[in-house]
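*Asks:* So I've got this file, protein-v8.csv, and it contains CSV, N, CA and C atoms:
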chain,number,residue,atom,x,y,z
A,1,MET,N,16.5,8.4,-28.9
A,1,MET,CA,15.7,7.3,-28.4
A,1,MET,C,16.0,7.0,-26.9
A,2,GLU,N,17.3,7.0,-26.6
A,2,GLU,CA,17.7,6.6,-25.3
A,2,GLU,C,17.3,7.7,-24.2
A,3,SER,N,17.3,9.0,-24.6
A,3,SER,CA,16.9,10.0,-23.7
A,3,SER,C,15.4,9.9,-23.5
A,4,TYR,N,14.7,9.5,-24.6
A,4,TYR,CA,13.2,9.4,-24.5
A,4,TYR,C,12.8,8.3,-23.5
A,5,LEU,N,13.5,7.2,-23.5
A,5,LEU,CA,13.2,6.1,-22.6
A,5,LEU,C,13.6,6.5,-21.2
A,6,LEU,N,14.7,7.2,-21.0
A,6,LEU,CA,15.1,7.6,-19.7
A,6,LEU,C,14.1,8.6,-19.1
A,7,LEU,N,13.6,9.5,-20.0
A,7,LEU,CA,12.6,10.4,-19.5
A,7,LEU,C,11.3,9.7,-19.2
A,8,GLY,N,11.0,8.7,-19.9
A,8,GLY,CA,9.8,7.9,-19.6
A,8,GLY,C,9.9,7.2,-18.3
A,9,LEU,N,11.1,6.6,-18.1
A,9,LEU,CA,11.4,5.9,-16.8
A,9,LEU,C,11.4,6.9,-15.6
A,10,ALA,N,11.9,8.1,-15.8
A,10,ALA,CA,11.8,9.1,-14.7
A,10,ALA,C,10.4,9.5,-14.5
A,11,MET,N,9.6,9.6,-15.5
A,11,MET,CA,8.2,9.9,-15.3
A,11,MET,C,7.5,8.8,-14.6
A,12,ALA,N,7.8,7.6,-14.9
A,12,ALA,CA,7.1,6.4,-14.3
A,12,ALA,C,7.5,6.4,-12.8
A,13,LEU,N,8.7,6.6,-12.5
A,13,LEU,CA,9.1,6.6,-11.1
A,13,LEU,C,8.5,7.7,-10.3
A,14,LEU,N,8.5,8.9,-10.9
A,14,LEU,CA,7.8,10.1,-10.3
A,14,LEU,C,6.3,9.9,-10.1
A,15,SER,N,5.7,9.2,-11.1
A,15,SER,CA,4.2,9.1,-11.0
A,15,SER,C,3.9,8.0,-9.9
A,16,ILE,N,4.8,7.1,-9.6
A,16,ILE,CA,4.6,6.1,-8.5
A,16,ILE,C,4.7,6.9,-7.2
A,17,TRP,N,5.7,7.7,-7.1
A,17,TRP,CA,6.0,8.5,-5.9
A,17,TRP,C,4.9,9.5,-5.6
A,18,LYS,N,4.6,10.4,-6.5
A,18,LYS,CA,3.6,11.3,-6.4
A,18,LYS,C,2.8,11.3,-7.7
A,19,THR,N,1.5,11.2,-7.6
A,19,THR,CA,0.6,11.0,-8.8
A,19,THR,C,0.7,12.2,-9.7
A,20,TYR,N,0.8,13.4,-9.2
A,20,TYR,CA,0.7,14.6,-10.1
A,20,TYR,C,2.0,14.9,-10.7
A,21,SER,N,3.1,14.4,-10.2
A,21,SER,CA,4.4,14.8,-10.7
A,21,SER,C,4.7,14.3,-12.1
A,22,GLY,N,4.3,13.1,-12.4
A,22,GLY,CA,4.5,12.5,-13.7
A,22,GLY,C,3.7,13.2,-14.8
A,23,PRO,N,2.4,13.5,-14.7
A,23,PRO,CA,1.7,14.3,-15.7
A,23,PRO,C,2.3,15.7,-15.8
A,24,ALA,N,2.7,16.3,-14.7
A,24,ALA,CA,3.3,17.6,-14.8
A,24,ALA,C,4.6,17.6,-15.6
A,25,LEU,N,5.4,16.6,-15.4
A,25,LEU,CA,6.6,16.5,-16.2
A,25,LEU,C,6.3,16.2,-17.7
A,26,ALA,N,5.2,15.4,-17.9
A,26,ALA,CA,4.8,15.1,-19.3
A,26,ALA,C,4.3,16.4,-20.0
A,27,ALA,N,3.6,17.2,-19.3
A,27,ALA,CA,3.2,18.5,-19.9
A,27,ALA,C,4.3,19.4,-20.1
A,28,PHE,N,5.3,19.4,-19.2
A,28,PHE,CA,6.5,20.3,-19.4
A,28,PHE,C,7.3,19.9,-20.6
A,29,VAL,N,7.5,18.6,-20.8
A,29,VAL,CA,8.3,18.1,-21.8
A,29,VAL,C,7.6,18.2,-23.2
A,30,GLY,N,6.3,18.1,-23.1
A,30,GLY,CA,5.5,18.1,-24.4
A,30,GLY,C,5.1,16.8,-24.9
A,31,PHE,N,4.9,15.8,-24.1
A,31,PHE,CA,4.5,14.5,-24.5
A,31,PHE,C,3.0,14.6,-24.9
A,32,SER,N,2.6,13.7,-25.8
A,32,SER,CA,1.2,13.6,-26.2
A,32,SER,C,0.4,12.9,-25.1
A,33,TYR,N,-0.9,12.9,-25.2
A,33,TYR,CA,-1.8,12.3,-24.2
A,33,TYR,C,-1.6,10.8,-24.1
A,34,PRO,N,-1.5,10.1,-25.3
A,34,PRO,CA,-1.2,8.6,-25.1
A,34,PRO,C,0.2,8.3,-24.5
A,35,GLU,N,1.2,9.1,-24.8
A,35,GLU,CA,2.5,8.9,-24.1
A,35,GLU,C,2.4,9.2,-22.6
A,36,MET,N,1.6,10.2,-22.3
A,36,MET,CA,1.5,10.5,-20.9
A,36,MET,C,0.7,9.4,-20.2
A,37,LEU,N,-0.3,8.8,-20.8
A,37,LEU,CA,-1.0,7.7,-20.2
A,37,LEU,C,-0.1,6.4,-20.1
A,38,LEU,N,0.7,6.2,-21.1
A,38,LEU,CA,1.6,5.1,-21.1
A,38,LEU,C,2.6,5.2,-19.9
A,39,PHE,N,3.2,6.3,-19.8
A,39,PHE,CA,4.3,6.5,-18.8
A,39,PHE,C,3.8,6.8,-17.4
A,40,ASN,N,2.5,7.1,-17.2
A,40,ASN,CA,2.0,7.5,-15.9
A,40,ASN,C,0.9,6.5,-15.4
A,41,ALA,N,0.0,6.1,-16.2
A,41,ALA,CA,-1.1,5.2,-15.8
A,41,ALA,C,-0.6,3.8,-15.7
A,42,LEU,N,0.2,3.3,-16.6
A,42,LEU,CA,0.7,2.0,-16.5
A,42,LEU,C,1.5,1.7,-15.3
A,43,PRO,N,2.5,2.5,-14.9
A,43,PRO,CA,3.2,2.2,-13.6
A,43,PRO,C,2.2,2.3,-12.4
A,44,ALA,N,1.3,3.2,-12.4
A,44,ALA,CA,0.3,3.3,-11.3
A,44,ALA,C,-0.5,2.0,-11.2
A,45,LEU,N,-1.0,1.5,-12.4
A,45,LEU,CA,-1.7,0.2,-12.4
A,45,LEU,C,-0.9,-0.9,-11.9
A,46,LEU,N,0.4,-1.0,-12.4
A,46,LEU,CA,1.3,-2.0,-12.0
A,46,LEU,C,1.6,-2.0,-10.5
A,47,ALA,N,1.7,-0.8,-9.9
A,47,ALA,CA,2.0,-0.7,-8.5
A,47,ALA,C,0.7,-1.1,-7.7
A,48,GLY,N,-0.4,-0.8,-8.2
A,48,GLY,CA,-1.7,-1.2,-7.5
A,48,GLY,C,-1.9,-2.7,-7.5
A,49,TYR,N,-1.6,-3.3,-8.7
A,49,TYR,CA,-1.7,-4.7,-8.8
A,49,TYR,C,-0.7,-5.5,-8.0
A,50,SER,N,0.5,-5.0,-7.9
A,50,SER,CA,1.5,-5.7,-7.1
A,50,SER,C,1.2,-5.5,-5.6
A,51,GLY,N,0.7,-4.4,-5.2
A,51,GLY,CA,0.2,-4.3,-3.8
A,51,GLY,C,-0.9,-5.2,-3.5
A,52,TRP,N,-1.8,-5.3,-4.4
A,52,TRP,CA,-3.0,-6.2,-4.2
A,52,TRP,C,-2.5,-7.7,-4.2
A,53,PHE,N,-1.5,-8.0,-5.0
A,53,PHE,CA,-1.0,-9.4,-5.1
A,53,PHE,C,-0.2,-9.7,-3.8
A,54,ALA,N,0.6,-8.7,-3.4
A,54,ALA,CA,1.4,-8.9,-2.2
A,54,ALA,C,0.6,-8.9,-0.9
A,55,GLY,N,-0.6,-8.2,-1.0
A,55,GLY,CA,-1.5,-8.2,0.2
A,55,GLY,C,-2.0,-9.5,0.6
A,56,ARG,N,-2.2,-10.4,-0.4
A,56,ARG,CA,-2.6,-11.7,-0.1
A,56,ARG,C,-1.6,-12.5,0.8
A,57,TYR,N,-0.4,-12.3,0.5
A,57,TYR,CA,0.7,-13.0,1.2
A,57,TYR,C,1.1,-12.3,2.5
A,58,SER,N,0.8,-11.0,2.7
A,58,SER,CA,1.2,-10.4,3.9
A,58,SER,C,0.3,-10.8,5.1
A,59,PHE,N,-0.9,-11.3,4.8
A,59,PHE,CA,-1.8,-11.8,5.8
A,59,PHE,C,-1.1,-13.1,6.4
A,60,VAL,N,-0.5,-13.9,5.6
A,60,VAL,CA,0.1,-15.1,6.1
A,60,VAL,C,1.3,-14.7,6.9
A,61,LEU,N,2.1,-13.7,6.5
A,61,LEU,CA,3.3,-13.3,7.3
A,61,LEU,C,2.9,-12.7,8.6
A,62,TYR,N,1.9,-11.9,8.7
A,62,TYR,CA,1.5,-11.2,9.9
A,62,TYR,C,0.3,-11.9,10.6
A,63,SER,N,0.2,-13.2,10.6
A,63,SER,CA,-0.9,-13.8,11.2
A,63,SER,C,-0.8,-13.7,12.7
A,64,ARG,N,-1.9,-14.0,13.3
A,64,ARG,CA,-2.0,-13.9,14.8
A,64,ARG,C,-1.6,-15.1,15.5
A,65,LYS,N,-0.8,-16.0,14.9
A,65,LYS,CA,-0.4,-17.2,15.5
A,65,LYS,C,0.5,-17.0,16.7
A,66,ASN,N,1.3,-15.9,16.7
A,66,ASN,CA,2.2,-15.7,17.8
A,66,ASN,C,1.6,-15.0,19.0
A,67,LEU,N,0.4,-14.5,18.8
A,67,LEU,CA,-0.3,-13.8,20.0
A,67,LEU,C,-1.0,-14.8,20.8
A,68,ARG,N,-0.9,-14.7,22.1
A,68,ARG,CA,-1.7,-15.5,23.0
A,68,ARG,C,-3.1,-14.9,23.1
A,69,PRO,N,-4.2,-15.7,22.9
A,69,PRO,CA,-5.5,-15.1,22.9
A,69,PRO,C,-6.0,-14.6,24.2
A,70,PHE,N,-5.7,-15.2,25.3
A,70,PHE,CA,-6.1,-14.7,26.6
A,70,PHE,C,-5.0,-14.6,27.6
A,71,ARG,N,-4.7,-13.4,28.0
A,71,ARG,CA,-3.7,-13.1,29.0
A,71,ARG,C,-4.4,-12.8,30.3
A,72,PRO,N,-3.8,-13.0,31.4
A,72,PRO,CA,-4.5,-12.8,32.7
A,72,PRO,C,-4.9,-11.3,32.9
A,73,ARG,N,-4.0,-10.4,32.4
A,73,ARG,CA,-4.4,-9.0,32.6
A,73,ARG,C,-5.6,-8.6,31.7
A,74,LEU,N,-5.6,-9.2,30.5
A,74,LEU,CA,-6.7,-9.0,29.6
A,74,LEU,C,-8.0,-9.6,30.1
A,75,ARG,N,-7.9,-10.7,30.7
A,75,ARG,CA,-9.1,-11.4,31.3
A,75,ARG,C,-9.6,-10.6,32.4
A,76,ARG,N,-8.8,-10.0,33.3
A,76,ARG,CA,-9.2,-9.1,34.4
A,76,ARG,C,-9.9,-7.9,33.8
A,77,PHE,N,-9.4,-7.3,32.7
A,77,PHE,CA,-10.0,-6.1,32.1
A,77,PHE,C,-11.3,-6.5,31.5
A,78,VAL,N,-11.5,-7.6,30.9
A,78,VAL,CA,-12.8,-8.0,30.3
A,78,VAL,C,-13.8,-8.2,31.4
A,79,MET,N,-13.4,-8.8,32.5
A,79,MET,CA,-14.3,-9.1,33.6
A,79,MET,C,-14.8,-7.7,34.2
A,80,ALA,N,-13.8,-6.8,34.4
A,80,ALA,CA,-14.2,-5.5,34.9
A,80,ALA,C,-15.1,-4.7,33.9
A,81,TRP,N,-14.8,-4.9,32.6
A,81,TRP,CA,-15.6,-4.2,31.6
A,81,TRP,C,-17.1,-4.8,31.6
A,82,LYS,N,-17.2,-6.1,31.7
A,82,LYS,CA,-18.5,-6.7,31.8
A,82,LYS,C,-19.3,-6.3,33.0
A,83,ARG,N,-18.6,-6.1,34.1
A,83,ARG,CA,-19.2,-5.8,35.4
A,83,ARG,C,-19.7,-4.3,35.4
A,84,TYR,N,-18.9,-3.4,35.0
A,84,TYR,CA,-19.1,-2.0,35.1
A,84,TYR,C,-19.6,-1.2,33.9
A,85,ALA,N,-19.5,-1.9,32.7
A,85,ALA,CA,-20.0,-1.2,31.5
A,85,ALA,C,-21.5,-1.3,31.4
A,86,MET,N,-22.0,-0.6,30.5
A,86,MET,CA,-23.5,-0.6,30.3
A,86,MET,C,-23.8,-1.8,29.6
Kindly present the structure from the file in structure tokens form.

*Replies:*
Amino acid sequence: MESYLLLGLAMALLSIWKTYSGPALAAFVGFSYPEMLLFNALPALLAGYSGWFAGRYSFVLYSRKNLRPFRPRLRRFVMAWKRYAM
């Protein structure tokens, strides 16, 4: 039972790293289709959900509050762009 769970954990970690490595290991070991889905699709879904959940908070961390909106060099570039661009 312990080696079964260790093999499942290894498959889960490999399927998060590379999508095809987990099912390839499941086919090599001889796991059934539901076991393969359990150890490969569930970690991928959890990784996607955690990325979606963390993405909401990364916007707050990397907000544009530290950037100055208008710099003199940028203003000169915009004026030249407006003058010479089509």

*Asks:* Distance atom CA of Leu7 of chain A-atom CA of Pro23 of chain A, one decimal place?

*Replies:*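 If I compute the distance from atom CA of Leu7 of chain A to atom CA of Pro23 of chain A, I get 12.2 Å.
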
*Asks:* Could you check which of A:Ser50, A:Leu74, A:Pro43, A:Tyr84 is closest to Trp17 of chain A, using only C-alpha atoms?

*Replies:*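 Closest residue, counting only C-alpha atoms: A:Pro43.
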
*Asks:* Mind pulling up the distance from atom CA of Phe59 of chain A to atom N of Thr19 of chain A?

*Replies:*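 Between these atoms lies a distance of 26.8 Å.
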
*Asks:* From the options A:Val60, A:Glu2, A:Gly22, A:Ala85, which residue's atoms come nearest to Phe39 of chain A, counting all atoms listed in the file?

*Replies:*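 Closest residue, counting all atoms listed in the file: A:Gly22.
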
*Asks:* Name the residues, using the chain letters and numbers of the file, that sit within 8 Å of (-0.2, 5.0, -10.4) when counting only N, CA and C atoms, and give them as a list in words.

*Replies:*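 Within 8 Å of (-0.2, 5.0, -10.4), the protein and nucleic acid residues are Ser15, Ile16, Trp17, Lys18, Thr19, Asn40, Ala41, Leu42, Pro43, Ala44, Leu45, Leu46, Ala47 and Gly48 of chain A.
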
*Asks:* Using N, CA and C atoms, can you write the selected residues to a file as a CSV table (one decimal), in the frame of the given file?

*Replies:*
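As a result, out38.csv now contains:
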chain,number,residue,atom,x,y,z
A,15,SER,N,5.7,9.2,-11.1
A,15,SER,CA,4.2,9.1,-11.0
A,15,SER,C,3.9,8.0,-9.9
A,16,ILE,N,4.8,7.1,-9.6
A,16,ILE,CA,4.6,6.1,-8.5
A,16,ILE,C,4.7,6.9,-7.2
A,17,TRP,N,5.7,7.7,-7.1
A,17,TRP,CA,6.0,8.5,-5.9
A,17,TRP,C,4.9,9.5,-5.6
A,18,LYS,N,4.6,10.4,-6.5
A,18,LYS,CA,3.6,11.3,-6.4
A,18,LYS,C,2.8,11.3,-7.7
A,19,THR,N,1.5,11.2,-7.6
A,19,THR,CA,0.6,11.0,-8.8
A,19,THR,C,0.7,12.2,-9.7
A,40,ASN,N,2.5,7.1,-17.2
A,40,ASN,CA,2.0,7.5,-15.9
A,40,ASN,C,0.9,6.5,-15.4
A,41,ALA,N,0.0,6.1,-16.2
A,41,ALA,CA,-1.1,5.2,-15.8
A,41,ALA,C,-0.6,3.8,-15.7
A,42,LEU,N,0.2,3.3,-16.6
A,42,LEU,CA,0.7,2.0,-16.5
A,42,LEU,C,1.5,1.7,-15.3
A,43,PRO,N,2.5,2.5,-14.9
A,43,PRO,CA,3.2,2.2,-13.6
A,43,PRO,C,2.2,2.3,-12.4
A,44,ALA,N,1.3,3.2,-12.4
A,44,ALA,CA,0.3,3.3,-11.3
A,44,ALA,C,-0.5,2.0,-11.2
A,45,LEU,N,-1.0,1.5,-12.4
A,45,LEU,CA,-1.7,0.2,-12.4
A,45,LEU,C,-0.9,-0.9,-11.9
A,46,LEU,N,0.4,-1.0,-12.4
A,46,LEU,CA,1.3,-2.0,-12.0
A,46,LEU,C,1.6,-2.0,-10.5
A,47,ALA,N,1.7,-0.8,-9.9
A,47,ALA,CA,2.0,-0.7,-8.5
A,47,ALA,C,0.7,-1.1,-7.7
A,48,GLY,N,-0.4,-0.8,-8.2
A,48,GLY,CA,-1.7,-1.2,-7.5
A,48,GLY,C,-1.9,-2.7,-7.5

*Asks:* Could the centre and edge lengths of an axis-aligned box, enclosing all atoms of segment 76-86 of chain A in the file with 8 Å extra on each side, be given in Å to one decimal as JSON?

*Replies:*
{"center_x": -16.3, "center_y": -5.3, "center_z": 32.5, "size_x": 31.0, "size_y": 25.4, "size_z": 21.8}

*Asks:* Taking only chain A into account, list the residues labelled helix (DSSP H, G or I) by DSSP (computed from the backbone), as a ChimeraX atom specification.

*Replies:* /A:2-17,21-29,33-61,64-66,72-84

*Asks:* Just to confirm, what's the straight-line distance from atom CA of Leu5 of chain A to atom CA of Trp52 of chain A in Å (one decimal)?

*Replies:*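 Going from atom CA of Leu5 of chain A over to atom CA of Trp52 of chain A, I get 27.4 Å.
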